[in-house]
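Before any comments, here is the structure.
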Amino acid sequence: MSKITESDSHYDALEQMSTDELLVSINKEDSTVSNAVKNVIPNISTLVNVVVEKLNYGGRLFYLGAGTSGRLGILDASECPPTFGVSHDLVIGLIAGGDGAIRKAVEFAEDDFDLGWKDLVSYNVSNKDVVVGIAASGTTPYVIGALKKCQANQITTSCIVCNSNSKVASFSDYPIEVIVGPEFVTGSTRMKAGTAQKLVLNMITTSSMIKIGKIIGNKMVDMQLSNSKLIERGTKMIMNKTSLSFDVAKKILIENGSVRNALNKING
């Protein structure tokens, strides 16, 4: 299969470019990513609706990937609890090689066809869940093996890839193929492909959390109060909804643990 993600950059002699030329060229390439994502919004929408249905019936969302793709999945998953106040086991990110691979590459972990499924089994994955494989190339054995076993066990699958008609997509019930074209540095999919994956991941979790009721208006009313900035933000949310002073609103917020709980307390 021809991989667009591995095709030659549109630019050459990069080492001879000035700093400004490098940055302008990278930015020019990056500016194409948003439209590539826009082209697959119908596919993302379909997946979000499936994810929402699964979450509403007690299921979970799994992200599975290797290298940059795995790290992006873990990043998105790890931000859901503080942002939306959900449990840490609602959205789970898995990376080939385990947590140590978040910082340092684990050699050949992504080439293990059985490892992805083993990682999912350790979390008691079931047909209540959705598993999204993330692989820029669409050829990562760690992801392919996991999705194949998921389908064999009637577990809903999806993927985020940046090549057409990939092996990963062939084992996905709801494939998302974001074709961003050649990278500025040939094959460096941490660039445009990684940006596309991050945008799609943001869309999936943010839309899903809104649809399961974790946002009121446009506010993160269930966010964790893990620092002074967030306590101040939450306090101001309460002030905007009530006639309370800053000090009183802050006191009620801290006593009740979230903006939602504080407003429920105030409104009786």
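Each chain of the structure tokens is named A, B, ... in the order shown, its residues numbered from 1; ligands are numbered from 1 in display order.
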
task = Assign secondary structure with DSSP using the backbone only, and return the residues of stretch 88-155 of chain A in strand (DSSP E) as a ChimeraX atom specification.
result = /A:91-95,130-135

ask   = Leaving out stretch 46-63 of chain A and any residue of its chain fewer than 6 positions from it, which residues lie within 10 Å of it when counting only C-alpha atoms, given as a ChimeraX atom specification?
value = /A:69-74,76-77,89-95,120,123,125-134,143,156-160,173-176,201,203-212

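Atom CA of A:Thr189 sits 8.0 Å away from atom CA of A:Thr68.
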
task = Go through A:Val86, A:Ala66, A:Ala249, A:Leu147 and flag the residue nearest A:Val106, using only C-alpha atoms for the distances.
result = A:Ala66

task = Can you list, as a ChimeraX atom specification, all residues belonging to stretch 21-213 of chain A that DSSP tags as helix (DSSP H, G or I)?
result = /A:21-30,33-38,41-56,67-78,80-84,99-102,109-111,115-121,141-152,167-170,192-211

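The spacing separating atom CA of A:Ala135 from atom CA of A:Thr5 amounts to 10.7 Å.
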
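We find atom CA of A:Gly217 and atom CA of A:Asn267 to be spaced 17.0 Å apart.
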
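Among the candidates A:Leu75, A:Ala36, A:Ile26, A:Val121, the one nearest to A:Val185 when counting only C-alpha atoms is A:Ile26.
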
Compile the contact shell of stretch 37-43 of chain A as a PDB file with C-alpha atoms, in the first residue's frame: residues with an atom at most 9 Å away, counting only C-alpha atoms, same-chain residues fewer than 6 positions apart removed.
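File produced: result.pdb:
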```pdb
ATOM      1  CA  TYR A 174     -16.239   3.735  12.073  1.00  0.00           C
ATOM      2  CA  PRO A 175     -12.974   4.751  10.359  1.00  0.00           C
ATOM      3  CA  ILE A 176     -11.812   8.362  10.331  1.00  0.00           C
ATOM      4  CA  GLU A 177      -9.247   8.986   7.590  1.00  0.00           C
ATOM      5  CA  VAL A 178      -7.741  12.484   7.727  1.00  0.00           C
ATOM      6  CA  ILE A 179      -5.562  12.855   4.634  1.00  0.00           C
ATOM      7  CA  VAL A 180      -3.115  15.672   5.358  1.00  0.00           C
ATOM      8  CA  ALA A 196      -4.882  16.354  12.763  1.00  0.00           C
ATOM      9  CA  GLN A 197      -5.136  13.547  15.297  1.00  0.00           C
ATOM     10  CA  LEU A 199      -7.903  18.073  16.571  1.00  0.00           C
ATOM     11  CA  VAL A 200     -10.059  14.979  16.026  1.00  0.00           C
TER      12      VAL A 200
END
```

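The residue set within 7 Å of A:Lys192, counting only C-alpha atoms and dropping same-chain residues fewer than 5 places from it, reads Asp30, Val33, Val180 and Glu183 of chain A.
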
Store the residues picked out above in a file with C-alpha atoms, as a compact mmCIF listing (two decimals), in the first residue's frame.
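Below you can see result12.txt, which holds the result:
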```
# COMPACT_ATOMS: atom_id res chain seq x y z
CA ASP A 30 -0.02 23.32 9.09
CA VAL A 33 -4.76 20.51 8.42
CA VAL A 180 -3.12 15.67 5.36
CA GLU A 183 4.95 16.08 6.00
```
